[in-house]
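Shown here: target-v1.cif, mmCIF, N, CA and C atoms.
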```
data_entry
loop_
_atom_site.group_PDB
_atom_site.id
_atom_site.type_symbol
_atom_site.label_atom_id
_atom_site.label_comp_id
_atom_site.auth_asym_id
_atom_site.auth_seq_id
_atom_site.Cartn_x
_atom_site.Cartn_y
_atom_site.Cartn_z
ATOM 1 N N MET A 18 0.847 -1.188 0.000
ATOM 2 C CA MET A 18 0.000 0.000 0.000
ATOM 3 C C MET A 18 0.887 1.244 0.000
ATOM 4 N N LEU A 19 0.553 2.217 -0.835
ATOM 5 C CA LEU A 19 1.324 3.441 -0.913
ATOM 6 C C LEU A 19 0.859 4.426 0.142
ATOM 7 N N GLU A 20 1.837 5.074 0.786
ATOM 8 C CA GLU A 20 1.503 6.111 1.765
ATOM 9 C C GLU A 20 1.310 7.430 1.032
ATOM 10 N N THR A 21 0.387 8.234 1.511
ATOM 11 C CA THR A 21 0.224 9.574 0.958
ATOM 12 C C THR A 21 1.297 10.466 1.553
ATOM 13 N N HIS A 22 1.493 11.633 0.970
ATOM 14 C CA HIS A 22 2.469 12.598 1.467
ATOM 15 C C HIS A 22 2.170 12.950 2.925
ATOM 16 N N HIS A 23 0.910 13.148 3.253
ATOM 17 C CA HIS A 23 0.517 13.492 4.624
ATOM 18 C C HIS A 23 0.876 12.371 5.600
ATOM 19 N N GLU A 24 0.641 11.131 5.202
ATOM 20 C CA GLU A 24 0.978 9.991 6.073
ATOM 21 C C GLU A 24 2.484 9.909 6.290
ATOM 22 N N GLN A 25 3.268 10.219 5.265
ATOM 23 C CA GLN A 25 4.717 10.211 5.411
ATOM 24 C C GLN A 25 5.158 11.287 6.392
ATOM 25 N N GLU A 26 4.585 12.493 6.299
ATOM 26 C CA GLU A 26 4.933 13.563 7.226
ATOM 27 C C GLU A 26 4.604 13.171 8.658
ATOM 28 N N THR A 27 3.432 12.583 8.869
ATOM 29 C CA THR A 27 3.034 12.157 10.202
ATOM 30 C C THR A 27 3.996 11.113 10.736
ATOM 31 N N THR A 28 4.364 10.163 9.906
ATOM 32 C CA THR A 28 5.310 9.133 10.313
ATOM 33 C C THR A 28 6.649 9.754 10.663
ATOM 34 N N ASN A 29 7.152 10.640 9.820
ATOM 35 C CA ASN A 29 8.441 11.282 10.071
ATOM 36 C C ASN A 29 8.407 12.128 11.327
ATOM 37 N N SER A 30 7.365 12.905 11.528
ATOM 38 C CA SER A 30 7.310 13.765 12.703
ATOM 39 C C SER A 30 7.201 12.934 13.972
ATOM 40 N N THR A 31 6.534 11.789 13.912
ATOM 41 C CA THR A 31 6.462 10.916 15.073
ATOM 42 C C THR A 31 7.816 10.276 15.327
ATOM 43 N N LEU A 32 8.456 9.830 14.294
ATOM 44 C CA LEU A 32 9.756 9.183 14.412
ATOM 45 C C LEU A 32 10.792 10.123 15.018
ATOM 46 N N LEU A 33 10.792 11.370 14.618
ATOM 47 C CA LEU A 33 11.801 12.320 15.067
ATOM 48 C C LEU A 33 11.305 13.269 16.159
ATOM 49 N N SER A 34 10.184 12.949 16.782
ATOM 50 C CA SER A 34 9.612 13.877 17.759
ATOM 51 C C SER A 34 10.521 14.120 18.957
ATOM 52 N N GLY A 35 11.393 13.185 19.294
ATOM 53 C CA GLY A 35 12.296 13.373 20.426
ATOM 54 C C GLY A 35 13.658 13.910 20.025
ATOM 55 N N TRP A 36 13.772 14.372 18.787
ATOM 56 C CA TRP A 36 15.060 14.816 18.261
ATOM 57 C C TRP A 36 14.970 16.252 17.752
ATOM 58 N N ILE A 37 16.111 16.923 17.709
ATOM 59 C CA ILE A 37 16.183 18.302 17.227
ATOM 60 C C ILE A 37 17.404 18.419 16.316
ATOM 61 N N GLY A 38 17.280 19.191 15.256
ATOM 62 C CA GLY A 38 18.385 19.392 14.318
ATOM 63 C C GLY A 38 19.374 20.420 14.844
ATOM 64 N N ARG A 39 20.558 20.428 14.252
ATOM 65 C CA ARG A 39 21.623 21.333 14.712
ATOM 66 C C ARG A 39 21.223 22.801 14.558
ATOM 67 N N GLY A 40 20.590 23.150 13.442
ATOM 68 C CA GLY A 40 20.184 24.542 13.238
ATOM 69 C C GLY A 40 19.165 24.994 14.267
ATOM 70 N N GLU A 41 18.185 24.141 14.534
ATOM 71 C CA GLU A 41 17.155 24.474 15.517
ATOM 72 C C GLU A 41 17.754 24.567 16.920
ATOM 73 N N LEU A 42 18.659 23.650 17.256
ATOM 74 C CA LEU A 42 19.286 23.694 18.578
ATOM 75 C C LEU A 42 20.155 24.933 18.721
ATOM 76 N N ALA A 43 20.891 25.281 17.674
ATOM 77 C CA ALA A 43 21.720 26.485 17.715
ATOM 78 C C ALA A 43 20.857 27.715 18.000
ATOM 79 N N ALA A 44 19.712 27.807 17.326
ATOM 80 C CA ALA A 44 18.806 28.940 17.542
ATOM 81 C C ALA A 44 18.277 28.948 18.974
ATOM 82 N N GLU A 45 17.915 27.778 19.496
ATOM 83 C CA GLU A 45 17.386 27.693 20.863
ATOM 84 C C GLU A 45 18.426 28.103 21.897
ATOM 85 N N LEU A 46 19.685 27.723 21.657
ATOM 86 C CA LEU A 46 20.743 28.030 22.614
ATOM 87 C C LEU A 46 21.354 29.414 22.406
ATOM 88 N N GLY A 47 21.047 30.033 21.258
ATOM 89 C CA GLY A 47 21.611 31.349 20.960
ATOM 90 C C GLY A 47 23.090 31.275 20.592
ATOM 91 N N VAL A 48 23.492 30.174 19.968
ATOM 92 C CA VAL A 48 24.865 30.014 19.482
ATOM 93 C C VAL A 48 24.803 29.691 17.998
ATOM 94 N N SER A 49 25.951 29.719 17.350
ATOM 95 C CA SER A 49 25.959 29.417 15.916
ATOM 96 C C SER A 49 26.032 27.909 15.678
ATOM 97 N N VAL A 50 25.659 27.520 14.466
ATOM 98 C CA VAL A 50 25.781 26.127 14.052
ATOM 99 C C VAL A 50 27.250 25.717 14.107
ATOM 100 N N ASP A 51 28.147 26.637 13.730
ATOM 101 C CA ASP A 51 29.581 26.350 13.788
ATOM 102 C C ASP A 51 30.037 26.074 15.219
ATOM 103 N N THR A 52 29.496 26.804 16.183
ATOM 104 C CA THR A 52 29.841 26.572 17.590
ATOM 105 C C THR A 52 29.432 25.170 18.002
ATOM 106 N N LEU A 53 28.228 24.758 17.633
ATOM 107 C CA LEU A 53 27.799 23.391 17.948
ATOM 108 C C LEU A 53 28.720 22.373 17.288
ATOM 109 N N GLY A 54 29.155 22.651 16.087
ATOM 110 C CA GLY A 54 30.087 21.757 15.401
ATOM 111 C C GLY A 54 31.418 21.660 16.133
ATOM 112 N N ARG A 55 31.927 22.795 16.616
ATOM 113 C CA ARG A 55 33.178 22.786 17.381
ATOM 114 C C ARG A 55 33.008 22.028 18.687
ATOM 115 N N TRP A 56 31.872 22.256 19.367
ATOM 116 C CA TRP A 56 31.612 21.532 20.617
ATOM 117 C C TRP A 56 31.561 20.032 20.354
ATOM 118 N N ALA A 57 30.913 19.642 19.271
ATOM 119 C CA ALA A 57 30.806 18.219 18.931
ATOM 120 C C ALA A 57 32.191 17.632 18.662
ATOM 121 N N ALA A 58 33.026 18.360 17.918
ATOM 122 C CA ALA A 58 34.367 17.873 17.571
ATOM 123 C C ALA A 58 35.258 17.738 18.799
ATOM 124 N N SER A 59 35.037 18.602 19.784
ATOM 125 C CA SER A 59 35.883 18.578 20.978
ATOM 126 C C SER A 59 35.287 17.747 22.111
ATOM 127 N N GLY A 60 34.056 17.244 21.907
ATOM 128 C CA GLY A 60 33.411 16.443 22.945
ATOM 129 C C GLY A 60 32.812 17.260 24.075
ATOM 130 N N LYS A 61 32.676 18.567 23.880
ATOM 131 C CA LYS A 61 32.149 19.451 24.930
ATOM 132 C C LYS A 61 30.631 19.583 24.905
ATOM 133 N N GLY A 62 30.027 19.381 23.771
ATOM 134 C CA GLY A 62 28.597 19.619 23.629
ATOM 135 C C GLY A 62 27.773 18.388 23.934
ATOM 136 N N PRO A 63 26.453 18.502 23.729
ATOM 137 C CA PRO A 63 25.571 17.347 23.944
ATOM 138 C C PRO A 63 25.857 16.250 22.923
ATOM 139 N N LYS A 64 25.542 15.020 23.284
ATOM 140 C CA LYS A 64 25.730 13.893 22.370
ATOM 141 C C LYS A 64 24.828 14.070 21.156
ATOM 142 N N TRP A 65 25.264 13.554 20.024
ATOM 143 C CA TRP A 65 24.549 13.718 18.764
ATOM 144 C C TRP A 65 24.704 12.472 17.914
ATOM 145 N N VAL A 66 23.879 12.391 16.891
ATOM 146 C CA VAL A 66 23.974 11.315 15.908
ATOM 147 C C VAL A 66 23.922 11.928 14.512
ATOM 148 N N ARG A 67 24.474 11.215 13.567
ATOM 149 C CA ARG A 67 24.405 11.648 12.167
ATOM 150 C C ARG A 67 23.470 10.698 11.440
ATOM 151 N N ALA A 68 22.518 11.258 10.740
ATOM 152 C CA ALA A 68 21.602 10.493 9.898
ATOM 153 C C ALA A 68 21.792 11.017 8.479
ATOM 154 N N GLY A 69 22.648 10.358 7.739
ATOM 155 C CA GLY A 69 23.007 10.871 6.419
ATOM 156 C C GLY A 69 23.810 12.143 6.599
ATOM 157 N N ARG A 70 23.333 13.227 6.037
ATOM 158 C CA ARG A 70 24.009 14.527 6.192
ATOM 159 C C ARG A 70 23.477 15.319 7.372
ATOM 160 N N LYS A 71 22.429 14.830 7.969
ATOM 161 C CA LYS A 71 21.760 15.568 9.045
ATOM 162 C C LYS A 71 22.336 15.169 10.404
ATOM 163 N N VAL A 72 22.592 16.160 11.247
ATOM 164 C CA VAL A 72 23.034 15.923 12.618
ATOM 165 C C VAL A 72 21.835 16.152 13.526
ATOM 166 N N LEU A 73 21.576 15.191 14.391
ATOM 167 C CA LEU A 73 20.423 15.262 15.285
ATOM 168 C C LEU A 73 20.872 15.105 16.737
ATOM 169 N N TYR A 74 20.154 15.788 17.614
ATOM 170 C CA TYR A 74 20.396 15.702 19.043
ATOM 171 C C TYR A 74 19.119 15.188 19.703
ATOM 172 N N ARG A 75 19.274 14.250 20.599
ATOM 173 C CA ARG A 75 18.117 13.781 21.361
ATOM 174 C C ARG A 75 17.777 14.889 22.362
ATOM 175 N N ARG A 76 16.535 15.325 22.365
ATOM 176 C CA ARG A 76 16.136 16.425 23.251
ATOM 177 C C ARG A 76 16.487 16.126 24.711
ATOM 178 N N ARG A 77 16.260 14.904 25.140
ATOM 179 C CA ARG A 77 16.553 14.521 26.529
ATOM 180 C C ARG A 77 18.051 14.642 26.808
ATOM 181 N N ALA A 78 18.893 14.278 25.833
ATOM 182 C CA ALA A 78 20.344 14.388 25.998
ATOM 183 C C ALA A 78 20.773 15.846 26.122
ATOM 184 N N VAL A 79 20.102 16.724 25.383
ATOM 185 C CA VAL A 79 20.413 18.154 25.472
ATOM 186 C C VAL A 79 20.048 18.679 26.861
ATOM 187 N N VAL A 80 18.882 18.298 27.357
ATOM 188 C CA VAL A 80 18.458 18.728 28.698
ATOM 189 C C VAL A 80 19.448 18.202 29.746
ATOM 190 N N ASP A 81 19.835 16.941 29.634
ATOM 191 C CA ASP A 81 20.807 16.361 30.575
ATOM 192 C C ASP A 81 22.131 17.113 30.514
ATOM 193 N N TRP A 82 22.584 17.415 29.306
ATOM 194 C CA TRP A 82 23.838 18.138 29.130
ATOM 195 C C TRP A 82 23.744 19.539 29.742
ATOM 196 N N LEU A 83 22.626 20.212 29.522
ATOM 197 C CA LEU A 83 22.444 21.545 30.102
ATOM 198 C C LEU A 83 22.483 21.486 31.628
ATOM 199 N N GLN A 84 21.848 20.476 32.202
ATOM 200 C CA GLN A 84 21.855 20.344 33.658
ATOM 201 C C GLN A 84 23.266 20.120 34.179
ATOM 202 N N LYS A 85 24.082 19.402 33.441
ATOM 203 C CA LYS A 85 25.467 19.184 33.847
ATOM 204 C C LYS A 85 26.298 20.459 33.757
ATOM 205 N N GLN A 86 25.819 21.438 32.981
ATOM 206 C CA GLN A 86 26.543 22.706 32.833
ATOM 207 C C GLN A 86 26.247 23.660 33.986
ATOM 208 N N GLU A 87 25.254 23.323 34.802
ATOM 209 C CA GLU A 87 24.887 24.208 35.902
ATOM 210 C C GLU A 87 26.064 24.406 36.849
ATOM 211 N N GLU A 88 26.220 25.616 37.262
ATOM 212 C CA GLU A 88 27.284 25.959 38.198
ATOM 213 C C GLU A 88 26.659 26.200 39.562
ATOM 214 N N PRO A 89 27.370 25.849 40.630
ATOM 215 C CA PRO A 89 26.819 26.126 41.956
ATOM 216 C C PRO A 89 26.761 27.635 42.183
ATOM 217 N N PRO A 90 25.844 28.077 43.035
ATOM 218 C CA PRO A 90 25.780 29.519 43.292
ATOM 219 C C PRO A 90 27.096 30.006 43.891
ATOM 220 N N VAL A 91 27.495 31.192 43.512
ATOM 221 C CA VAL A 91 28.724 31.783 44.030
ATOM 222 C C VAL A 91 28.385 32.541 45.300
ATOM 223 N N LYS A 92 29.116 32.222 46.355
ATOM 224 C CA LYS A 92 28.900 32.936 47.611
ATOM 225 C C LYS A 92 29.566 34.302 47.491
ATOM 226 N N PRO A 93 28.870 35.334 47.944
ATOM 227 C CA PRO A 93 29.492 36.662 47.880
ATOM 228 C C PRO A 93 30.721 36.701 48.789
ATOM 229 N N ALA A 94 31.742 37.396 48.325
ATOM 230 C CA ALA A 94 32.955 37.530 49.122
ATOM 231 C C ALA A 94 32.651 38.345 50.371
ATOM 232 N N ARG A 95 33.207 37.898 51.493
ATOM 233 C CA ARG A 95 32.988 38.662 52.733
ATOM 234 C C ARG A 95 33.885 39.888 52.712
ATOM 235 N N LYS A 96 33.302 40.974 53.131
ATOM 236 C CA LYS A 96 34.079 42.198 53.217
ATOM 237 C C LYS A 96 34.972 42.106 54.449
ATOM 238 N N ARG A 97 36.184 42.478 54.256
ATOM 239 C CA ARG A 97 37.120 42.466 55.375
ATOM 240 C C ARG A 97 37.232 43.865 55.937
ATOM 241 N N GLY A 98 37.052 43.936 57.199
ATOM 242 C CA GLY A 98 37.192 45.235 57.860
ATOM 243 C C GLY A 98 38.631 45.456 58.263
ATOM 244 N N ARG A 99 38.915 46.677 58.667
ATOM 245 C CA ARG A 99 40.269 46.988 59.125
ATOM 246 C C ARG A 99 40.535 46.348 60.456
ATOM 247 N N LYS A 100 41.730 45.902 60.652
ATOM 248 C CA LYS A 100 42.112 45.305 61.934
ATOM 249 C C LYS A 100 42.812 46.303 62.798
#
```
As a first step, turn the structure in this file into structure tokens.
Amino acid sequence: MLETHHEQETTNSTLLSGWIGRGELAAELGVSVDTLGRWAASGKGPKWVRAGRKVLYRRRAVVDWLQKQEEPPVKPARKRGRK
């Protein structure tokens, strides 16, 4: 049975619903696509997969990676008075 164009779109959107492309992720993070590429090459960024020419990130992996980037709150320096 042949699928219609609409059925193919529905199948594709369901299949990739937990994934985000590099361009979309770059826009969400406010960084360039090149920055994501450098992070990927150096192992600093979120885990990714290549599907043909397309690079995809699992949304959950991006959230996990962001949580690992959290820094503890910085305690304000105590003012030292004169002795």
Residue list (helix (DSSP H, G or I), DSSP) for chain A, as a ChimeraX atom specification: /A:22-32,39-46,50-59,76-85
Which residues are close to A:Val50, i.e. within 8 Å by only N, CA and C atoms, leaving aside same-chain residues fewer than 4 positions away? Reply as a compact mmCIF listing (two decimals) with N, CA and C atoms, in the frame of the given file.
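Saved the output as out-v3.txt:
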```txt
# COMPACT_ATOMS: atom_id res chain seq x y z
N ARG A 39 20.56 20.43 14.25
CA ARG A 39 21.62 21.33 14.71
C ARG A 39 21.22 22.80 14.56
N GLY A 40 20.59 23.15 13.44
CA GLY A 40 20.18 24.54 13.24
C GLY A 40 19.16 24.99 14.27
N GLU A 41 18.18 24.14 14.53
CA GLU A 41 17.16 24.47 15.52
C GLU A 41 17.75 24.57 16.92
N LEU A 42 18.66 23.65 17.26
CA LEU A 42 19.29 23.69 18.58
C LEU A 42 20.16 24.93 18.72
N ALA A 43 20.89 25.28 17.67
CA ALA A 43 21.72 26.48 17.72
C ALA A 43 20.86 27.72 18.00
N ALA A 44 19.71 27.81 17.33
CA ALA A 44 18.81 28.94 17.54
C ALA A 44 18.28 28.95 18.97
N GLY A 54 29.16 22.65 16.09
CA GLY A 54 30.09 21.76 15.40
C GLY A 54 31.42 21.66 16.13
N ARG A 55 31.93 22.80 16.62
CA ARG A 55 33.18 22.79 17.38
C ARG A 55 33.01 22.03 18.69
N TRP A 56 31.87 22.26 19.37
CA TRP A 56 31.61 21.53 20.62
C TRP A 56 31.56 20.03 20.35
```
Å distance separating atom CA of A:Pro93 from atom CA of A:Leu46, one decimal place: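 These two atoms are separated by 28.1 Å.
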Given the PyMOL selection byres ((chain A and resi 61-73) around 7), the residues it picks as a list in words: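 Listing what the PyMOL selection byres ((chain A and resi 61-73) around 7) selects in the shown file: Trp36, Ile37, Gly38, Arg39, Leu53, Arg55, Trp56, Ala57, Ala58, Ser59, Gly60, Tyr74, Arg75, Ala78, Val79, Trp82 and Leu83 of chain A.
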DSSP-assigned strand (DSSP E or B) among chain A, expressed as a ChimeraX atom specification: /A:36-38,66-68,71-75
Could you please take those selected residues and save N, CA and C atoms as a PDB file, in the coordinates of the input?
```
ATOM      1  N   TRP A  36      13.772  14.372  18.787  1.00  0.00           N
ATOM      2  CA  TRP A  36      15.060  14.816  18.261  1.00  0.00           C
ATOM      3  C   TRP A  36      14.970  16.252  17.752  1.00  0.00           C
ATOM      4  N   ILE A  37      16.111  16.923  17.709  1.00  0.00           N
ATOM      5  CA  ILE A  37      16.183  18.302  17.227  1.00  0.00           C
ATOM      6  C   ILE A  37      17.404  18.419  16.316  1.00  0.00           C
ATOM      7  N   GLY A  38      17.280  19.191  15.256  1.00  0.00           N
ATOM      8  CA  GLY A  38      18.385  19.392  14.318  1.00  0.00           C
ATOM      9  C   GLY A  38      19.374  20.420  14.844  1.00  0.00           C
ATOM     10  N   VAL A  66      23.879  12.391  16.891  1.00  0.00           N
ATOM     11  CA  VAL A  66      23.974  11.315  15.908  1.00  0.00           C
ATOM     12  C   VAL A  66      23.922  11.928  14.512  1.00  0.00           C
ATOM     13  N   ARG A  67      24.474  11.215  13.567  1.00  0.00           N
ATOM     14  CA  ARG A  67      24.405  11.648  12.167  1.00  0.00           C
ATOM     15  C   ARG A  67      23.470  10.698  11.440  1.00  0.00           C
ATOM     16  N   ALA A  68      22.518  11.258  10.740  1.00  0.00           N
ATOM     17  CA  ALA A  68      21.602  10.493   9.898  1.00  0.00           C
ATOM     18  C   ALA A  68      21.792  11.017   8.479  1.00  0.00           C
ATOM     19  N   LYS A  71      22.429  14.830   7.969  1.00  0.00           N
ATOM     20  CA  LYS A  71      21.760  15.568   9.045  1.00  0.00           C
ATOM     21  C   LYS A  71      22.336  15.169  10.404  1.00  0.00           C
ATOM     22  N   VAL A  72      22.592  16.160  11.247  1.00  0.00           N
ATOM     23  CA  VAL A  72      23.034  15.923  12.618  1.00  0.00           C
ATOM     24  C   VAL A  72      21.835  16.152  13.526  1.00  0.00           C
ATOM     25  N   LEU A  73      21.576  15.191  14.391  1.00  0.00           N
ATOM     26  CA  LEU A  73      20.423  15.262  15.285  1.00  0.00           C
ATOM     27  C   LEU A  73      20.872  15.105  16.737  1.00  0.00           C
ATOM     28  N   TYR A  74      20.154  15.788  17.614  1.00  0.00           N
ATOM     29  CA  TYR A  74      20.396  15.702  19.043  1.00  0.00           C
ATOM     30  C   TYR A  74      19.119  15.188  19.703  1.00  0.00           C
ATOM     31  N   ARG A  75      19.274  14.250  20.599  1.00  0.00           N
ATOM     32  CA  ARG A  75      18.117  13.781  21.361  1.00  0.00           C
ATOM     33  C   ARG A  75      17.777  14.889  22.362  1.00  0.00           C
TER      34      ARG A  75
END
```
One-decimal distance in Å that lies between atom CA of A:Pro90 and atom N of A:Val48: 23.4 Å
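Here atom CA of A:Leu33 is placed at a distance of 18.4 Å from atom CA of A:Asp81.
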Coordinates of box centre and edge lengths for stretch 70-81 of chain A, 4 Å on every side, axis-aligned, as JSON:
```
{"center_x": 20.1, "center_y": 16.0, "center_z": 18.3, "size_x": 15.9, "size_y": 13.5, "size_z": 32.5}
```
